[in-house]
Amino acid sequence: MNSTPFLLMFAPMFGCLAVLLSPVLTAAEPSGPIGAQGVVGCLANPKTVSRLEITKPGVYENFRVDAQGGGGNIVKITADGVTLRHCEIFNGSGNGVGVFGKGVVIENCRIHHLLNGTFADQKDAHGIAGRWGDVMIRRCDISLTSGDSIQFDPDRSSSGSVVIDHCTLWTGPLPADAGGFKAGERPGENAVDTKIKLDGPRCRLVIRDCFIHGWNQPSQIGTIAALNLKENVDAEVTRCVFDDNQVAFRVRGPGSRGGAHVTITECAIYRTETGVRAEDKIEQLKISRLAFGPGVTHRITFVNGRPTAGYENASEGKAPGRDTVLKDGFPQP
């Protein structure tokens with residue numbers, strides 16, 4: 001089917017410090033599966049387009065957005081009160097979704113193959129980017145981007161909150177040539193990256209029940225991290241699984257644009273060089289029930305400064321098998 005640009009300007013379309021070294025994940029009741037759940041991507045008979053521009057509130061569902069190599073924001077949301085649901089967004093050299101409205105929900109979407117530049121000279125093409133503002137991202141699978149899976153706010157011009165719930169964020173070797181990249185090359189910078197304006201309230205980021213893996217490749221940015229949490233963000237990460245990453249948590253303290261405050265609760269890390277990389281005397285880092293599986297070289301390291309009074313680490317322990325956690329979730333304490 002030939003795809004055509006699609007401008008949505010009027011009515012929406014419907015239809016389509018004590019560390020306790022003991023096992024911490026041994027209680028009986030599980031929390032539920034981790035990562036993207038249910039039907040992710042298009043439903044039957046999607047409408048194929050090359051671009052969406054959403055300027056009115058409503059529900060927009062079942063679009064197959066093949067950008068055909070195009071750049072910019074492949075799906076651009078400028079209205080408040082928008083739900084984008086059951087879409088596939090791919091084959092572009094820009095951001096999959098650009099969020100410029102408030103109260104936006106993106107759910108059950110598959111976003112992939114957003115590649116700009118080459119492996120040796122990667123340019124930003126993010127899965128979802130935009131402005132902080134009561135944004136919910138849930139049950140989405142985002143992969144194979146030359147930028148970050150999710151980045152708020154590239155322009156450092158907004159304040160608000162973002163929730164990432166039951167998502168799978170990943171990269172890996174490309175199965176075939178795509179854009180300026182070759183088969184076998186692994187694109188990407190971070191799964192989640194925070195950028196926040198200095199002169200305003202702290203933004204709030206919640207990440208829960210997500211599976212984040214594959215961020216472990218040579219890169220021009222130096223340190224690859226699943227989560228790159230920096231600047232004026234209050235970040236809460238709960239019940240997430242990390243696998244095959246250079247760094248699972250890169251949490252960064254005060255700099256010229258402020259420093260992150262981070263709470264990590266009941267997460268598990270596997271096959272990773274550094275579980276938590278705490279930088280620049282981070283002022284608040286609270287860790288509880290963080291579990292480590294096989295292949296973790298360094299559990300927690302501090303760079304450019306020792307732990308501060310705002311550092312807590314309780315009930316660190318050994319994780320059960322990764323697949324068990326992904327399927328059954330984290331046992332309740």
# chains A, B, ... in the order shown; residues from 1 in each chain; ligands from 1
call {"tool": "closest_atom_pairs", "arguments": {"of": "stretch 154-240 of chain A", "to": "stretch 253-274 of chain A", "cutoff": "9 Å", "atoms": "only C-alpha atoms", "output": "tab-separated table"}}
result
residue	atom	partner	partner_atom	distance
A:Lys195	CA	A:Arg257	CA	8.9
A:Ile196	CA	A:Arg257	CA	7.7
A:Lys197	CA	A:Arg257	CA	7.2
A:Leu198	CA	A:Arg257	CA	5.3
A:Asp199	CA	A:Arg257	CA	8.9
A:Asp209	CA	A:Cys267	CA	8.9
A:Asn216	CA	A:Thr272	CA	8.2
A:Leu229	CA	A:Ala260	CA	6.3
A:Lys230	CA	A:Ala260	CA	4.8
A:Glu231	CA	A:Gly259	CA	4.2
A:Asn232	CA	A:Gly258	CA	5.2
A:Val233	CA	A:Ala260	CA	5.0
A:Asp234	CA	A:His261	CA	4.9
A:Ala235	CA	A:Val262	CA	4.8
A:Glu236	CA	A:Thr263	CA	4.8
A:Val237	CA	A:Ile264	CA	4.9
A:Thr238	CA	A:Thr265	CA	4.8
A:Arg239	CA	A:Cys267	CA	4.7
A:Cys240	CA	A:Cys267	CA	4.9
call {"tool": "write_last_selection", "arguments": {"atoms": "C-alpha atoms", "output": "PDB file, in the first residue's frame"}}
result
ATOM      1  CA  LYS A 195      16.938  17.519  29.860  1.00  0.00           C
ATOM      2  CA  ILE A 196      15.328  20.246  31.955  1.00  0.00           C
ATOM      3  CA  LYS A 197      15.441  24.008  32.061  1.00  0.00           C
ATOM      4  CA  LEU A 198      17.418  25.406  34.988  1.00  0.00           C
ATOM      5  CA  ASP A 199      15.068  28.195  36.098  1.00  0.00           C
ATOM      6  CA  ASP A 209       7.499  -2.131  35.275  1.00  0.00           C
ATOM      7  CA  ASN A 216      25.909  -1.715  25.379  1.00  0.00           C
ATOM      8  CA  LEU A 229      19.058  10.825  34.706  1.00  0.00           C
ATOM      9  CA  LYS A 230      20.403  14.335  35.026  1.00  0.00           C
ATOM     10  CA  GLU A 231      19.540  17.993  35.635  1.00  0.00           C
ATOM     11  CA  ASN A 232      16.515  19.124  37.668  1.00  0.00           C
ATOM     12  CA  VAL A 233      14.524  15.899  37.668  1.00  0.00           C
ATOM     13  CA  ASP A 234      12.862  13.980  40.485  1.00  0.00           C
ATOM     14  CA  ALA A 235      13.027  10.431  39.127  1.00  0.00           C
ATOM     15  CA  GLU A 236      11.375   7.333  40.592  1.00  0.00           C
ATOM     16  CA  VAL A 237      12.243   3.961  39.035  1.00  0.00           C
ATOM     17  CA  THR A 238      10.291   0.971  40.308  1.00  0.00           C
ATOM     18  CA  ARG A 239      10.098  -2.725  39.353  1.00  0.00           C
ATOM     19  CA  CYS A 240      12.213  -2.448  36.213  1.00  0.00           C
TER      20      CYS A 240
END
call {"tool": "residues_around", "arguments": {"residues": "A:His113", "least_positions_apart": "4", "cutoff": "7 Å", "atoms": "only C-alpha atoms", "output": "MDAnalysis selection string"}}
result
chainID A and resid 90:92 143:145
call {"tool": "write_last_selection", "arguments": {"atoms": "N, CA and C atoms", "output": "compact mmCIF listing (two decimals), in the first residue's frame"}}
result
# COMPACT_ATOMS: atom_id res chain seq x y z
N PHE A 90 7.69 4.14 12.08
CA PHE A 90 8.99 3.56 11.73
C PHE A 90 9.53 4.15 10.44
N ASN A 91 10.78 3.76 10.15
CA ASN A 91 11.42 4.06 8.87
C ASN A 91 11.58 5.57 8.65
N GLY A 92 12.11 6.26 9.67
CA GLY A 92 12.33 7.69 9.56
C GLY A 92 13.72 8.07 9.98
N SER A 143 12.42 0.80 19.82
CA SER A 143 13.70 0.15 19.55
C SER A 143 14.39 0.77 18.34
N LEU A 144 15.70 0.52 18.28
CA LEU A 144 16.52 0.80 17.09
C LEU A 144 16.38 2.25 16.64
N THR A 145 16.75 3.14 17.54
CA THR A 145 16.79 4.57 17.25
C THR A 145 18.24 5.04 17.37
call {"tool": "closest_atom_pairs", "arguments": {"of": "stretch 175-219 of chain A", "to": "stretch 36-57 of chain A", "cutoff": "12 Å", "atoms": "only C-alpha atoms", "output": "JSON lines"}}
result
{"residue": "A:Arg208", "atom": "CA", "partner": "A:Ala36", "partner_atom": "CA", "distance": 11.2}
{"residue": "A:Asp209", "atom": "CA", "partner": "A:Ala36", "partner_atom": "CA", "distance": 8.8}
{"residue": "A:Cys210", "atom": "CA", "partner": "A:Ala36", "partner_atom": "CA", "distance": 7.3}
{"residue": "A:Phe211", "atom": "CA", "partner": "A:Ala36", "partner_atom": "CA", "distance": 7.9}
{"residue": "A:Ile212", "atom": "CA", "partner": "A:Ala36", "partner_atom": "CA", "distance": 10.6}
call {"tool": "closest_residue", "arguments": {"among": "A:Gly70, A:Gly98, A:Gly35, A:Thr118", "to": "A:Asp141", "atoms": "only C-alpha atoms"}}
result
A:Gly35
call {"tool": "atom_distance", "arguments": {"atom1": "atom CA of A:Glu189", "atom2": "atom CA of A:Asn116"}}
result
12.2 Å
call {"tool": "atom_distance", "arguments": {"atom1": "atom CA of A:Ala191", "atom2": "atom CA of A:His213"}}
result
8.3 Å
call {"tool": "residues_around", "arguments": {"residues": "A:Val104", "least_positions_apart": "2", "cutoff": "6 Å", "atoms": "only C-alpha atoms", "output": "ChimeraX atom specification"}}
result
/A:81-83,102,135
call {"tool": "write_last_selection", "arguments": {"atoms": "C-alpha atoms", "output": "PDB file, in the first residue's frame"}}
result
ATOM      1  CA  GLY A  81      -5.766  15.866  25.644  1.00  0.00           C
ATOM      2  CA  VAL A  82      -4.598  13.508  22.901  1.00  0.00           C
ATOM      3  CA  THR A  83      -4.424   9.709  23.044  1.00  0.00           C
ATOM      4  CA  LYS A 102      -0.280  18.478  27.699  1.00  0.00           C
ATOM      5  CA  VAL A 135       2.593  12.779  29.513  1.00  0.00           C
TER       6      VAL A 135
END
call {"tool": "residues_around", "arguments": {"residues": "stretch 152-160 of chain A", "least_positions_apart": "5", "cutoff": "6 Å", "atoms": "only C-alpha atoms", "output": "number ranges by chain"}}
result
A: 129-134, 194-197, 203
call {"tool": "select_by_dssp", "arguments": {"residues": "stretch 296-333 of chain A", "states": "helix (DSSP H, G or I)", "output": "PyMOL selection string"}}
result
chain A and resi 322-328
call {"tool": "select_by_dssp", "arguments": {"residues": "stretch 235-331 of chain A", "states": "strand (DSSP E or B)", "output": "PyMOL selection string"}}
result
chain A and resi 235-238+241-252+255+258+261-265+268-279+284-288+291-292+298-303+311-314+317-318
call {"tool": "closest_residue", "arguments": {"among": "A:Glu88, A:Ser161, A:Gly147, A:Gly69", "to": "A:Gly179", "atoms": "only C-alpha atoms"}}
result
A:Gly69
call {"tool": "residues_around", "arguments": {"residues": "stretch 172-177 of chain A", "least_positions_apart": "3", "cutoff": "7 Å", "atoms": "only C-alpha atoms", "output": "ChimeraX atom specification"}}
result
/A:144,181-186,214
call {"tool": "atom_distance", "arguments": {"atom1": "atom CA of A:His166", "atom2": "atom CA of A:Gly71"}}
result
27.7 Å
call {"tool": "closest_residue", "arguments": {"among": "A:Gly58, A:Gly94, A:Pro331, A:Gly127", "to": "A:Thr171", "atoms": "only C-alpha atoms"}}
result
A:Gly127
call {"tool": "closest_residue", "arguments": {"among": "A:Arg252, A:Asp121, A:Val303, A:Pro33", "to": "A:Leu326", "atoms": "only C-alpha atoms"}}
result
A:Pro33
call {"tool": "decode", "arguments": {"residues": "stretch 124-266 of chain A", "atoms": "C-alpha atoms", "output": "compact mmCIF listing (two decimals), in the first residue's frame"}}
result
# COMPACT_ATOMS: atom_id res chain seq x y z
CA ASP A 124 19.61 12.30 17.01
CA ALA A 125 16.45 10.46 16.02
CA HIS A 126 14.50 9.72 19.20
CA GLY A 127 11.57 7.37 19.66
CA ILE A 128 9.50 9.86 21.66
CA ALA A 129 10.64 13.38 22.47
CA GLY A 130 9.02 16.67 23.39
CA ARG A 131 7.97 18.80 26.31
CA TRP A 132 7.27 17.81 29.86
CA GLY A 133 3.55 18.15 30.59
CA ASP A 134 1.56 15.29 32.17
CA VAL A 135 2.59 12.78 29.51
CA MET A 136 1.82 9.06 29.90
CA ILE A 137 3.72 6.48 27.82
CA ARG A 138 2.51 2.94 28.47
CA ARG A 139 2.69 -0.52 26.94
CA CYS A 140 4.94 0.68 24.12
CA ASP A 141 7.88 -1.08 22.44
CA ILE A 142 10.55 1.38 21.27
CA SER A 143 13.70 0.15 19.55
CA LEU A 144 16.52 0.80 17.09
CA THR A 145 16.79 4.57 17.25
CA SER A 146 19.99 6.51 16.64
CA GLY A 147 19.13 8.84 19.51
CA ASP A 148 17.31 7.92 22.73
CA SER A 149 14.18 5.81 23.02
CA ILE A 150 12.63 8.62 25.07
CA GLN A 151 14.00 12.13 25.66
CA PHE A 152 12.29 15.01 27.46
CA ASP A 153 12.91 17.99 26.81
CA PRO A 154 15.45 18.49 23.99
CA ASP A 155 14.77 22.25 24.02
CA ARG A 156 14.91 22.60 27.83
CA SER A 157 11.86 24.85 27.67
CA SER A 158 9.16 23.09 29.72
CA SER A 159 8.15 21.73 33.10
CA GLY A 160 5.83 18.95 34.17
CA SER A 161 5.78 15.18 34.46
CA VAL A 162 6.29 12.06 32.34
CA VAL A 163 5.25 8.52 33.31
CA ILE A 164 6.71 5.51 31.47
CA ASP A 165 4.75 2.40 32.39
CA HIS A 166 5.11 -1.22 31.21
CA CYS A 167 7.30 -0.35 28.23
CA THR A 168 10.11 -2.23 26.52
CA LEU A 169 12.98 0.03 25.46
CA TRP A 170 15.80 -1.65 23.59
CA THR A 171 18.46 -1.67 20.94
CA GLY A 172 20.47 -4.41 19.29
CA PRO A 173 22.27 -5.37 16.09
CA LEU A 174 20.30 -4.29 13.03
CA PRO A 175 19.01 -7.34 11.14
CA ALA A 176 19.50 -5.58 7.78
CA ASP A 177 20.91 -2.37 6.34
CA ALA A 178 18.71 0.61 7.22
CA GLY A 179 19.27 4.28 6.42
CA GLY A 180 22.98 4.94 6.67
CA PHE A 181 23.50 1.98 9.03
CA LYS A 182 24.70 -1.51 8.17
CA ALA A 183 23.38 -4.87 9.28
CA GLY A 184 24.92 -5.89 12.60
CA GLU A 185 25.51 -2.34 13.81
CA ARG A 186 23.78 -1.41 17.07
CA PRO A 187 22.43 2.15 17.09
CA GLY A 188 21.44 4.35 20.00
CA GLU A 189 22.52 6.59 22.86
CA ASN A 190 20.33 5.95 25.94
CA ALA A 191 16.94 4.44 26.59
CA VAL A 192 15.81 7.50 28.58
CA ASP A 193 17.54 10.88 28.77
CA THR A 194 16.37 13.89 30.80
CA LYS A 195 16.94 17.52 29.86
CA ILE A 196 15.33 20.25 31.95
CA LYS A 197 15.44 24.01 32.06
CA LEU A 198 17.42 25.41 34.99
CA ASP A 199 15.07 28.20 36.10
CA GLY A 200 11.87 26.40 36.99
CA PRO A 201 10.31 23.69 39.13
CA ARG A 202 11.84 20.24 39.11
CA CYS A 203 10.30 17.91 36.57
CA ARG A 204 8.95 14.54 37.71
CA LEU A 205 9.76 11.28 35.94
CA VAL A 206 8.20 7.93 36.90
CA ILE A 207 9.43 4.72 35.26
CA ARG A 208 7.78 1.50 36.39
CA ASP A 209 7.50 -2.13 35.27
CA CYS A 210 9.74 -1.63 32.23
CA PHE A 211 12.23 -3.92 30.48
CA ILE A 212 15.26 -1.97 29.26
CA HIS A 213 18.03 -3.79 27.44
CA GLY A 214 20.77 -3.70 24.83
CA TRP A 215 22.40 -0.33 25.56
CA ASN A 216 25.91 -1.71 25.38
CA GLN A 217 27.88 -0.67 22.30
CA PRO A 218 30.75 1.59 21.27
CA SER A 219 29.38 5.12 21.04
CA GLN A 220 30.46 8.63 20.30
CA ILE A 221 28.81 9.81 23.56
CA GLY A 222 31.31 7.91 25.73
CA THR A 223 29.09 6.38 28.42
CA ILE A 224 26.03 4.47 27.25
CA ALA A 225 23.31 4.14 29.88
CA ALA A 226 19.87 2.61 29.95
CA LEU A 227 18.76 5.56 32.08
CA ASN A 228 20.67 8.84 31.88
CA LEU A 229 19.06 10.83 34.71
CA LYS A 230 20.40 14.34 35.03
CA GLU A 231 19.54 17.99 35.64
CA ASN A 232 16.52 19.12 37.67
CA VAL A 233 14.52 15.90 37.67
CA ASP A 234 12.86 13.98 40.48
CA ALA A 235 13.03 10.43 39.13
CA GLU A 236 11.37 7.33 40.59
CA VAL A 237 12.24 3.96 39.03
CA THR A 238 10.29 0.97 40.31
CA ARG A 239 10.10 -2.73 39.35
CA CYS A 240 12.21 -2.45 36.21
CA VAL A 241 14.49 -5.08 34.66
CA PHE A 242 17.80 -4.12 33.03
CA ASP A 243 19.88 -6.46 30.89
CA ASP A 244 22.91 -6.20 28.59
CA ASN A 245 23.73 -2.56 29.26
CA GLN A 246 27.00 -0.74 29.75
CA VAL A 247 25.37 1.19 32.62
CA ALA A 248 21.87 0.56 33.94
CA PHE A 249 21.49 3.77 35.99
CA ARG A 250 23.64 6.80 35.24
CA VAL A 251 22.53 9.29 37.90
CA ARG A 252 24.16 12.68 37.81
CA GLY A 253 24.62 15.26 40.51
CA PRO A 254 24.78 19.05 40.44
CA GLY A 255 26.25 20.72 37.39
CA SER A 256 25.59 23.91 35.48
CA ARG A 257 22.00 22.78 34.89
CA GLY A 258 21.25 21.29 38.31
CA GLY A 259 21.31 17.68 39.46
CA ALA A 260 18.96 14.72 39.60
CA HIS A 261 17.20 13.36 42.68
CA VAL A 262 16.69 9.63 42.14
CA THR A 263 14.78 6.88 43.96
CA ILE A 264 15.32 3.28 42.83
CA THR A 265 12.99 0.63 44.25
CA GLU A 266 12.78 -3.09 43.57
